[in-house]
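This is my_file14.csv. It holds CSV, C-alpha atoms (C1' of nucleotides).
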chain,number,residue,atom,x,y,z
A,1,MET,CA,-14.1,24.2,-20.9
A,2,SER,CA,-10.5,24.7,-21.4
A,3,GLU,CA,-9.3,21.7,-19.3
A,4,THR,CA,-11.6,18.8,-19.7
A,5,GLN,CA,-12.2,17.4,-16.2
A,6,ASN,CA,-13.5,14.0,-15.7
A,7,ASP,CA,-11.8,12.8,-12.6
A,8,THR,CA,-14.5,10.3,-11.9
A,9,PHE,CA,-12.4,7.5,-10.7
A,10,VAL,CA,-9.0,8.3,-9.1
A,11,THR,CA,-10.1,11.2,-7.0
A,12,GLY,CA,-12.7,9.1,-5.2
A,13,TYR,CA,-10.8,5.9,-5.0
A,14,LEU,CA,-10.1,4.7,-1.5
A,15,LEU,CA,-6.5,3.6,-2.2
A,16,TYR,CA,-5.8,6.9,-3.8
A,17,LEU,CA,-7.3,8.8,-0.9
A,18,LEU,CA,-5.1,6.8,1.5
A,19,ALA,CA,-1.9,7.3,-0.5
A,20,ALA,CA,-2.5,10.9,-1.1
A,21,SER,CA,-3.5,11.6,2.5
A,22,SER,CA,-0.4,9.9,3.8
A,23,GLU,CA,1.8,11.6,1.3
A,24,GLN,CA,0.5,15.0,1.8
A,25,ALA,CA,0.0,14.8,5.6
A,26,SER,CA,3.6,13.6,5.9
A,27,ALA,CA,5.2,16.1,3.5
A,28,GLN,CA,5.7,18.9,6.0
A,29,PHE,CA,7.0,16.8,8.8
A,30,HIS,CA,9.3,14.9,6.4
A,31,ASP,CA,10.8,18.1,5.4
A,32,HIS,CA,11.5,18.8,9.0
A,33,VAL,CA,13.1,15.4,9.4
A,34,ARG,CA,15.4,16.1,6.4
A,35,ALA,CA,16.2,19.5,7.8
A,36,ARG,CA,17.4,17.7,10.9
A,37,GLY,CA,19.7,15.7,8.7
A,38,LEU,CA,17.8,12.4,8.5
A,39,ARG,CA,16.2,10.6,5.7
A,40,VAL,CA,12.6,9.5,6.3
A,41,PRO,CA,13.4,5.8,6.7
A,42,GLU,CA,16.0,6.7,9.3
A,43,TRP,CA,13.4,8.7,11.2
A,44,ARG,CA,11.1,5.7,11.2
A,45,VAL,CA,13.8,3.5,12.7
A,46,LEU,CA,14.5,6.0,15.4
A,47,ALA,CA,10.8,6.3,16.2
A,48,CYS,CA,10.4,2.5,16.5
A,49,LEU,CA,13.5,2.3,18.8
A,50,VAL,CA,12.3,5.0,21.1
A,51,ASP,CA,9.2,2.8,21.7
A,52,ASN,CA,11.2,-0.3,22.0
A,53,ASP,CA,14.9,-0.2,22.0
A,54,GLY,CA,16.8,-3.3,20.7
A,55,MET,CA,14.3,-4.4,18.1
A,56,MET,CA,15.6,-6.9,15.6
A,57,ILE,CA,16.0,-6.0,12.0
A,58,THR,CA,13.1,-8.0,10.7
A,59,ARG,CA,10.6,-6.5,13.1
A,60,LEU,CA,12.0,-3.0,12.5
A,61,ALA,CA,11.5,-3.6,8.8
A,62,ARG,CA,7.9,-4.7,9.2
A,63,LEU,CA,7.0,-1.8,11.5
A,64,SER,CA,8.8,0.7,9.3
A,65,LEU,CA,7.0,-0.6,6.3
A,66,MET,CA,10.0,-1.7,4.3
A,67,GLU,CA,11.9,-4.6,3.0
A,68,GLN,CA,14.4,-6.5,5.2
A,69,SER,CA,17.4,-6.1,2.9
A,70,ARG,CA,16.7,-2.4,2.8
A,71,MET,CA,16.5,-2.2,6.5
A,72,THR,CA,19.8,-4.0,6.8
A,73,ARG,CA,21.5,-1.3,4.8
A,74,ILE,CA,19.7,1.6,6.6
A,75,VAL,CA,20.9,0.2,9.9
A,76,ASP,CA,24.4,0.0,8.4
A,77,GLN,CA,24.3,3.6,7.6
A,78,MET,CA,22.8,4.7,10.9
A,79,ASP,CA,25.4,2.6,12.7
A,80,ALA,CA,28.2,4.1,10.6
A,81,ARG,CA,26.8,7.5,11.6
A,82,GLY,CA,26.7,6.7,15.2
A,83,LEU,CA,22.9,6.7,15.8
A,84,VAL,CA,22.5,3.0,16.6
A,85,THR,CA,24.7,0.0,17.3
A,86,ARG,CA,24.2,-3.6,16.3
A,87,VAL,CA,24.1,-6.0,19.2
A,88,ALA,CA,24.1,-9.8,18.8
A,89,ASP,CA,21.3,-11.5,20.5
A,90,SER,CA,22.6,-13.9,23.1
A,91,ASN,CA,19.8,-16.4,22.8
A,92,ASP,CA,19.6,-16.5,19.0
A,93,LYS,CA,22.7,-15.8,17.1
A,94,ARG,CA,20.9,-15.1,13.9
A,95,ARG,CA,19.3,-12.0,15.3
A,96,VAL,CA,20.7,-8.6,15.3
A,97,ARG,CA,19.4,-6.2,18.0
A,98,VAL,CA,19.5,-2.6,17.1
A,99,ARG,CA,20.1,-0.2,20.0
A,100,LEU,CA,20.1,3.5,20.1
A,101,THR,CA,23.3,5.3,21.0
A,102,ALA,CA,23.1,8.3,23.3
A,103,GLU,CA,23.2,10.5,20.3
A,104,GLY,CA,20.6,8.5,18.5
A,105,ARG,CA,18.3,8.6,21.5
A,106,ASP,CA,18.6,12.4,21.9
A,107,LEU,CA,17.8,12.9,18.3
A,108,ALA,CA,15.0,10.4,18.4
A,109,GLU,CA,13.4,11.9,21.4
A,110,ALA,CA,13.6,15.4,20.1
A,111,LEU,CA,12.0,14.3,16.8
A,112,VAL,CA,9.2,12.4,18.6
A,113,LYS,CA,8.4,15.5,20.5
A,114,ASP,CA,8.3,17.5,17.2
A,115,ALA,CA,6.1,14.8,15.7
A,116,ARG,CA,3.6,14.9,18.5
A,117,ARG,CA,3.4,18.7,18.2
A,118,HIS,CA,2.9,18.4,14.5
A,119,GLU,CA,0.2,15.8,14.9
A,120,THR,CA,-1.6,18.0,17.4
A,121,ARG,CA,-1.6,20.9,15.0
A,122,LEU,CA,-2.8,18.7,12.1
A,123,LEU,CA,-5.6,17.3,14.1
A,124,SER,CA,-6.7,20.7,15.3
A,125,ALA,CA,-7.0,21.8,11.7
A,126,LEU,CA,-9.8,19.2,11.3
A,127,ALA,CA,-13.3,19.6,12.6
A,128,ASP,CA,-13.8,18.0,16.0
A,129,THR,CA,-15.8,15.1,14.6
A,130,ASP,CA,-13.3,14.3,12.0
A,131,ALA,CA,-10.4,14.6,14.3
A,132,ALA,CA,-12.1,12.3,16.8
A,133,ARG,CA,-12.8,9.7,14.1
A,134,ILE,CA,-9.8,9.5,11.9
A,135,LYS,CA,-7.4,7.4,14.0
A,136,GLY,CA,-10.2,5.0,15.0
A,137,VAL,CA,-11.2,4.5,11.4
A,138,LEU,CA,-7.6,3.9,10.3
A,139,ARG,CA,-7.0,1.5,13.1
A,140,THR,CA,-10.0,-0.5,12.3
A,141,LEU,CA,-8.9,-0.6,8.7
A,142,LEU,CA,-5.5,-2.0,9.7
A,143,ASP,CA,-7.2,-4.5,12.0
A,144,VAL,CA,-9.3,-5.8,9.2
A,145,LEU,CA,-6.4,-6.0,6.9
A,146,ASP,CA,-4.4,-8.0,9.4
A,147,ARG,CA,-7.1,-10.7,9.5
A,148,PRO,CA,-6.1,-13.5,7.2
A,149,ASP,CA,-9.5,-13.4,5.4
A,150,ALA,CA,-8.9,-9.7,4.9
A,151,THR,CA,-10.1,-8.9,1.4
B,152,MET,CA,7.4,-10.8,29.3
B,153,SER,CA,9.5,-12.3,26.6
B,154,GLU,CA,9.3,-9.5,24.2
B,155,THR,CA,9.2,-6.1,25.9
B,156,GLN,CA,6.4,-4.2,24.3
B,157,ASN,CA,6.2,-0.5,24.7
B,158,ASP,CA,4.8,0.7,21.4
B,159,THR,CA,3.5,3.8,22.9
B,160,PHE,CA,4.3,6.3,20.1
B,161,VAL,CA,4.5,4.8,16.6
B,162,THR,CA,1.5,2.6,16.7
B,163,GLY,CA,-0.8,5.5,17.6
B,164,TYR,CA,0.8,8.2,15.5
B,165,LEU,CA,-1.4,9.6,12.8
B,166,LEU,CA,1.2,9.7,10.1
B,167,TYR,CA,2.1,6.1,10.9
B,168,LEU,CA,-1.5,5.0,10.8
B,169,LEU,CA,-1.9,6.8,7.4
B,170,ALA,CA,1.2,5.3,5.9
B,171,ALA,CA,0.5,1.8,7.2
B,172,SER,CA,-3.1,1.8,6.1
B,173,SER,CA,-2.2,3.0,2.7
B,174,GLU,CA,0.6,0.5,2.4
B,175,GLN,CA,-1.4,-2.5,3.7
B,176,ALA,CA,-4.6,-1.7,2.0
B,177,SER,CA,-2.9,-1.4,-1.3
B,178,ALA,CA,-0.7,-4.4,-1.0
B,179,GLN,CA,-3.1,-6.9,-2.4
B,180,PHE,CA,-4.2,-4.8,-5.3
B,181,HIS,CA,-0.7,-3.9,-6.1
B,182,ASP,CA,0.2,-7.6,-6.3
B,183,HIS,CA,-2.7,-7.9,-8.8
B,184,VAL,CA,-1.3,-5.0,-10.8
B,185,ARG,CA,2.1,-6.6,-11.0
B,186,ALA,CA,0.6,-9.9,-11.9
B,187,ARG,CA,-1.0,-8.1,-14.9
B,188,GLY,CA,2.6,-7.0,-15.9
B,189,LEU,CA,2.5,-3.4,-14.7
B,190,ARG,CA,4.4,-1.6,-12.0
B,191,VAL,CA,2.5,0.4,-9.5
B,192,PRO,CA,3.4,3.8,-10.9
B,193,GLU,CA,2.4,2.7,-14.4
B,194,TRP,CA,-1.0,1.6,-13.0
B,195,ARG,CA,-1.4,5.1,-11.5
B,196,VAL,CA,-0.7,6.7,-14.8
B,197,LEU,CA,-3.3,4.5,-16.6
B,198,ALA,CA,-5.9,5.3,-13.9
B,199,CYS,CA,-5.3,9.0,-14.3
B,200,LEU,CA,-5.6,8.8,-18.0
B,201,VAL,CA,-8.8,6.8,-18.0
B,202,ASP,CA,-10.3,9.7,-16.1
B,203,ASN,CA,-8.8,12.3,-18.3
B,204,ASP,CA,-6.9,11.3,-21.4
B,205,GLY,CA,-4.2,13.6,-22.7
B,206,MET,CA,-3.0,14.9,-19.3
B,207,MET,CA,0.3,16.7,-19.4
B,208,ILE,CA,3.3,15.2,-17.6
B,209,THR,CA,3.4,17.6,-14.8
B,210,ARG,CA,-0.2,17.1,-13.8
B,211,LEU,CA,0.1,13.4,-14.2
B,212,ALA,CA,3.1,13.5,-11.8
B,213,ARG,CA,1.2,15.6,-9.2
B,214,LEU,CA,-1.8,13.3,-9.3
B,215,SER,CA,0.2,10.2,-9.2
B,216,LEU,CA,2.2,11.6,-6.2
B,217,MET,CA,5.5,11.5,-7.8
B,218,GLU,CA,8.3,13.7,-9.1
B,219,GLN,CA,8.2,15.1,-12.6
B,220,SER,CA,11.5,13.7,-13.8
B,221,ARG,CA,10.4,10.3,-12.6
B,222,MET,CA,7.1,10.6,-14.5
B,223,THR,CA,9.0,11.6,-17.6
B,224,ARG,CA,10.9,8.3,-17.5
B,225,ILE,CA,7.8,6.3,-16.7
B,226,VAL,CA,6.0,7.8,-19.6
B,227,ASP,CA,9.1,6.9,-21.7
B,228,GLN,CA,8.8,3.3,-20.8
B,229,MET,CA,5.0,3.1,-21.2
B,230,ASP,CA,5.4,4.7,-24.6
B,231,ALA,CA,8.1,2.2,-25.6
B,232,ARG,CA,5.8,-0.5,-24.5
B,233,GLY,CA,2.9,0.8,-26.5
B,234,LEU,CA,0.6,1.7,-23.6
B,235,VAL,CA,0.6,5.5,-24.3
B,236,THR,CA,1.8,8.0,-26.8
B,237,ARG,CA,3.3,11.4,-26.4
B,238,VAL,CA,1.5,14.2,-28.3
B,239,ALA,CA,2.8,17.7,-28.5
B,240,ASP,CA,0.3,20.3,-27.4
B,241,SER,CA,-0.5,22.6,-30.2
B,242,ASN,CA,-1.1,25.6,-28.1
B,243,ASP,CA,1.9,25.3,-25.8
B,244,LYS,CA,4.8,23.6,-27.3
B,245,ARG,CA,6.4,23.0,-23.9
B,246,ARG,CA,3.7,20.6,-23.0
B,247,VAL,CA,3.6,16.9,-23.7
B,248,ARG,CA,0.2,15.4,-23.7
B,249,VAL,CA,0.0,11.7,-22.8
B,250,ARG,CA,-2.6,9.7,-24.5
B,251,LEU,CA,-3.7,6.1,-24.1
B,252,THR,CA,-3.2,3.8,-27.0
B,253,ALA,CA,-6.0,1.3,-27.7
B,254,GLU,CA,-4.0,-1.3,-25.8
B,255,GLY,CA,-3.3,1.0,-22.9
B,256,ARG,CA,-7.0,1.9,-22.7
B,257,ASP,CA,-8.1,-1.7,-22.6
B,258,LEU,CA,-5.7,-2.5,-19.9
B,259,ALA,CA,-6.6,0.6,-18.0
B,260,GLU,CA,-10.3,-0.1,-18.1
B,261,ALA,CA,-9.9,-3.6,-17.1
B,262,LEU,CA,-7.8,-2.6,-14.1
B,263,VAL,CA,-10.1,0.1,-13.1
B,264,LYS,CA,-12.9,-2.4,-13.0
B,265,ASP,CA,-10.7,-4.7,-10.8
B,266,ALA,CA,-9.9,-1.8,-8.6
B,267,ARG,CA,-13.5,-0.9,-8.1
B,268,ARG,CA,-14.3,-4.5,-7.2
B,269,HIS,CA,-11.4,-4.6,-4.8
B,270,GLU,CA,-12.5,-1.4,-3.2
B,271,THR,CA,-16.0,-2.7,-2.7
B,272,ARG,CA,-14.7,-5.8,-1.0
B,273,LEU,CA,-12.4,-3.8,1.2
B,274,LEU,CA,-15.2,-1.5,2.3
B,275,SER,CA,-17.6,-4.3,2.9
B,276,ALA,CA,-15.0,-5.8,5.4
B,277,LEU,CA,-15.5,-2.7,7.5
B,278,ALA,CA,-18.4,-2.0,9.8
B,279,ASP,CA,-21.0,0.1,8.1
B,280,THR,CA,-20.2,3.2,10.1
B,281,ASP,CA,-16.5,3.0,9.4
B,282,ALA,CA,-17.1,2.3,5.7
B,283,ALA,CA,-19.4,5.3,5.5
B,284,ARG,CA,-16.9,7.6,7.2
B,285,ILE,CA,-13.5,6.7,5.8
B,286,LYS,CA,-13.6,8.4,2.5
B,287,GLY,CA,-15.1,11.5,3.9
B,288,VAL,CA,-12.6,11.8,6.6
B,289,LEU,CA,-9.7,11.4,4.2
B,290,ARG,CA,-11.1,13.9,1.8
B,291,THR,CA,-11.5,16.4,4.6
B,292,LEU,CA,-7.9,15.8,5.6
B,293,LEU,CA,-6.8,16.4,2.0
B,294,ASP,CA,-8.8,19.5,1.8
B,295,VAL,CA,-7.3,20.9,4.9
B,296,LEU,CA,-3.8,20.1,3.7
B,297,ASP,CA,-4.5,21.9,0.4
B,298,ARG,CA,-5.2,25.1,2.2
B,299,PRO,CA,-2.1,27.3,2.3
B,300,ASP,CA,-2.4,27.8,6.1
B,301,ALA,CA,-2.5,24.0,6.4
B,302,THR,CA,-0.5,23.1,9.4
C,303,DT,C1',9.2,44.2,-27.9
C,304,DC,C1',13.0,43.1,-25.2
C,305,DG,C1',14.7,41.0,-21.2
C,306,DA,C1',13.8,38.7,-17.0
C,307,DT,C1',10.9,35.2,-15.0
C,308,DT,C1',8.3,31.3,-14.9
C,309,DT,C1',6.7,26.9,-16.6
C,310,DA,C1',7.2,22.3,-18.9
C,311,DT,C1',10.0,18.6,-19.9
C,312,DA,C1',14.4,16.1,-20.2
C,313,DT,C1',18.8,14.2,-18.8
C,314,DG,C1',23.4,12.9,-16.4
C,315,DA,C1',25.2,11.4,-12.2
C,316,DT,C1',24.5,9.6,-7.9
C,317,DT,C1',22.0,7.2,-4.5
C,318,DT,C1',18.3,4.0,-3.2
C,319,DT,C1',15.6,0.2,-3.7
C,320,DT,C1',14.6,-4.2,-5.2
C,321,DC,C1',15.3,-9.0,-6.3
C,322,DA,C1',17.3,-13.2,-6.0
C,323,DT,C1',20.0,-15.8,-3.3
C,324,DA,C1',23.9,-17.0,0.0
C,325,DT,C1',25.1,-17.8,4.8
C,326,DT,C1',24.3,-18.9,9.3
C,327,DT,C1',21.6,-20.4,13.1
C,328,DT,C1',17.5,-22.5,15.1
C,329,DC,C1',13.8,-25.7,15.2
C,330,DA,C1',10.8,-29.8,14.5
C,331,DG,C1',10.2,-34.5,13.9
C,332,DC,C1',12.0,-38.7,13.8
D,333,DG,C1',21.7,-36.2,17.8
D,334,DC,C1',20.6,-36.0,12.6
D,335,DT,C1',18.3,-34.2,8.8
D,336,DG,C1',15.5,-31.2,6.4
D,337,DA,C1',12.9,-27.0,6.8
D,338,DA,C1',12.4,-22.4,8.5
D,339,DA,C1',14.0,-18.0,10.1
D,340,DA,C1',17.3,-13.9,10.4
D,341,DT,C1',20.5,-11.3,8.1
D,342,DA,C1',23.6,-10.0,4.4
D,343,DT,C1',25.1,-9.0,-0.2
D,344,DG,C1',25.9,-8.5,-5.5
D,345,DA,C1',23.8,-7.0,-9.5
D,346,DA,C1',20.2,-4.7,-11.7
D,347,DA,C1',16.5,-1.4,-11.8
D,348,DA,C1',14.4,2.7,-10.2
D,349,DA,C1',14.3,7.2,-7.9
D,350,DT,C1',16.4,11.5,-6.8
D,351,DC,C1',18.8,15.8,-7.4
D,352,DA,C1',20.6,19.3,-9.8
D,353,DT,C1',20.5,21.4,-13.8
D,354,DA,C1',19.9,22.0,-18.9
D,355,DT,C1',16.9,23.4,-22.7
D,356,DA,C1',13.1,25.4,-24.7
D,357,DA,C1',8.9,27.8,-24.8
D,358,DA,C1',5.6,31.0,-22.8
D,359,DT,C1',4.5,35.1,-20.1
D,360,DC,C1',4.9,39.3,-17.7
D,361,DG,C1',6.4,44.2,-17.2
D,362,DA,C1',8.7,48.1,-18.2

Starting from the file, lay out its structure as structure tokens.
Amino acid sequence: MSETQNDTFVTGYLLYLLAASSEQASAQFHDHVRARGLRVPEWRVLACLVDNDGMMITRLARLSLMEQSRMTRIVDQMDARGLVTRVADSNDKRRVRVRLTAEGRDLAEALVKDARRHETRLLSALADTDAARIKGVLRTLLDVLDRPDAT
Amino acid sequence: MSETQNDTFVTGYLLYLLAASSEQASAQFHDHVRARGLRVPEWRVLACLVDNDGMMITRLARLSLMEQSRMTRIVDQMDARGLVTRVADSNDKRRVRVRLTAEGRDLAEALVKDARRHETRLLSALADTDAARIKGVLRTLLDVLDRPDAT
DNA sequence: TCGATTTATATGATTTTTCATATTTTCAGC
DNA sequence: GCTGAAAATATGAAAAATCATATAAATCGA
């Protein structure tokens, strides 16, 4: 008994399993993203914009799971780098719409393709039953959490 | 069609579902942790140490999903605050064992109790089938990711 | 048992992230 | 059409995280 192993709580704790799964499942792809010269938050922005170009900063922040002020600065940098442009919303002058540039779109589409491939590989490493269930379970969890009575 | 909604990729992407689930499922409890005067990484350290007191920094970092140098500084702060103490390992002088103080242990045990309660509530908000499956699916995913041939 | 390698931790410098709050614009009710 | 509240974004200052690397101890092989 060289290394006393209790590990009774953390390892079985739902929030740990979620954090660890997310972290570890993403690690490889995030390396790929960085190899392509992007930081992870930037990749998230690109992915959101491929789905729906011209999102406003606030929504981009919510979807990308980060704070608004941080998103403002990330958009700054991506703008400076020529991946996106800021466009004033004509109806509501408070809003800033973020649009992909041609370069941004190319990069985004290439990475989405890579992401899909990676996801397929990941799912195929799971048993069929697990692969079939995982997304549904997570979506259900997210739905439940969205309800105001959540907890 | 006021807000053009495509949302074809991100919302259904496994790595997004994992990150979002983790983020959102944890949000409430993390607020609780902060209300108790701890930052999230500190709570993670306490939770690990309740399971297995005297872990070394490196292992603590791996389990808490963070970098070693970051963990060194977090342990510094927790030490300064009286939650843990550093103990030199007698067999291997490179190692630093992190031990809970009495105060640290009290806080840790209280929070673990809260965490378990919170987890129970969370799981009971899911349908029985989902609740029964979620941990298993995540554990399987983690197992697969641990294998060297992972992807 | 010496030297090269690996492992564990620490630290300086830089970059990110956060927090609080300012600014600007819209909206709701009167 | 005013006024106060709410929403969207930006920004300065502070705290935290990262990256590269230093230091020190253990281990492995010839």

One decimal, Å: what's the distance from atom CA of A:Asp106 over to atom C1' of D:DA340, could you say?
28.7 Å

I want to know what sits within 10 Å of C:DA306, based on all atoms listed in the file, with residues of the same chain fewer than 2 positions away left out; could you give that as a PyMOL selection string?
(chain C and resi 304+308) or (chain D and resi 360-361)

Need the shell around C:DT320: protein/DNA/RNA residues with any atom at most 10 Å away, counting all atoms listed in the file. Skip same-chain ones fewer than 5 positions apart. Format as a VMD selection string?
(chain A and resid 67 69 to 70) or (chain D and resid 346 to 348)

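For the atom pair formed by atom CA of B:Thr291 and atom CA of A:Leu126, the distance is 7.5 Å, given to one decimal.
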
Taking all atoms listed in the file into account, report as number ranges by chain which residues of chain A lie within 12 Å of chain C.
A: 39, 41, 66-71, 73-74, 89-95

Chain B residues near chain A (8 Å cut-off, all atoms listed in the file) as a CSV table (one decimal) with C-alpha atoms, in the frame of the given file:
chain,number,residue,atom,x,y,z
B,155,THR,CA,9.2,-6.1,25.9
B,156,GLN,CA,6.4,-4.2,24.3
B,157,ASN,CA,6.2,-0.5,24.7
B,158,ASP,CA,4.8,0.7,21.4
B,159,THR,CA,3.5,3.8,22.9
B,160,PHE,CA,4.3,6.3,20.1
B,161,VAL,CA,4.5,4.8,16.6
B,163,GLY,CA,-0.8,5.5,17.6
B,164,TYR,CA,0.8,8.2,15.5
B,165,LEU,CA,-1.4,9.6,12.8
B,166,LEU,CA,1.2,9.7,10.1
B,168,LEU,CA,-1.5,5.0,10.8
B,169,LEU,CA,-1.9,6.8,7.4
B,170,ALA,CA,1.2,5.3,5.9
B,171,ALA,CA,0.5,1.8,7.2
B,172,SER,CA,-3.1,1.8,6.1
B,173,SER,CA,-2.2,3.0,2.7
B,174,GLU,CA,0.6,0.5,2.4
B,175,GLN,CA,-1.4,-2.5,3.7
B,176,ALA,CA,-4.6,-1.7,2.0
B,177,SER,CA,-2.9,-1.4,-1.3
B,198,ALA,CA,-5.9,5.3,-13.9
B,199,CYS,CA,-5.3,9.0,-14.3
B,202,ASP,CA,-10.3,9.7,-16.1
B,203,ASN,CA,-8.8,12.3,-18.3
B,216,LEU,CA,2.2,11.6,-6.2
B,267,ARG,CA,-13.5,-0.9,-8.1
B,269,HIS,CA,-11.4,-4.6,-4.8
B,270,GLU,CA,-12.5,-1.4,-3.2
B,272,ARG,CA,-14.7,-5.8,-1.0
B,273,LEU,CA,-12.4,-3.8,1.2
B,276,ALA,CA,-15.0,-5.8,5.4
B,277,LEU,CA,-15.5,-2.7,7.5
B,281,ASP,CA,-16.5,3.0,9.4
B,284,ARG,CA,-16.9,7.6,7.2
B,285,ILE,CA,-13.5,6.7,5.8
B,286,LYS,CA,-13.6,8.4,2.5
B,288,VAL,CA,-12.6,11.8,6.6
B,289,LEU,CA,-9.7,11.4,4.2
B,290,ARG,CA,-11.1,13.9,1.8
B,291,THR,CA,-11.5,16.4,4.6
B,292,LEU,CA,-7.9,15.8,5.6
B,293,LEU,CA,-6.8,16.4,2.0
B,295,VAL,CA,-7.3,20.9,4.9
B,296,LEU,CA,-3.8,20.1,3.7
B,301,ALA,CA,-2.5,24.0,6.4
B,302,THR,CA,-0.5,23.1,9.4

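With atom C1' of D:DT350 on one side and atom CA of B:Arg210 on the other, the separation reads 18.9 Å.
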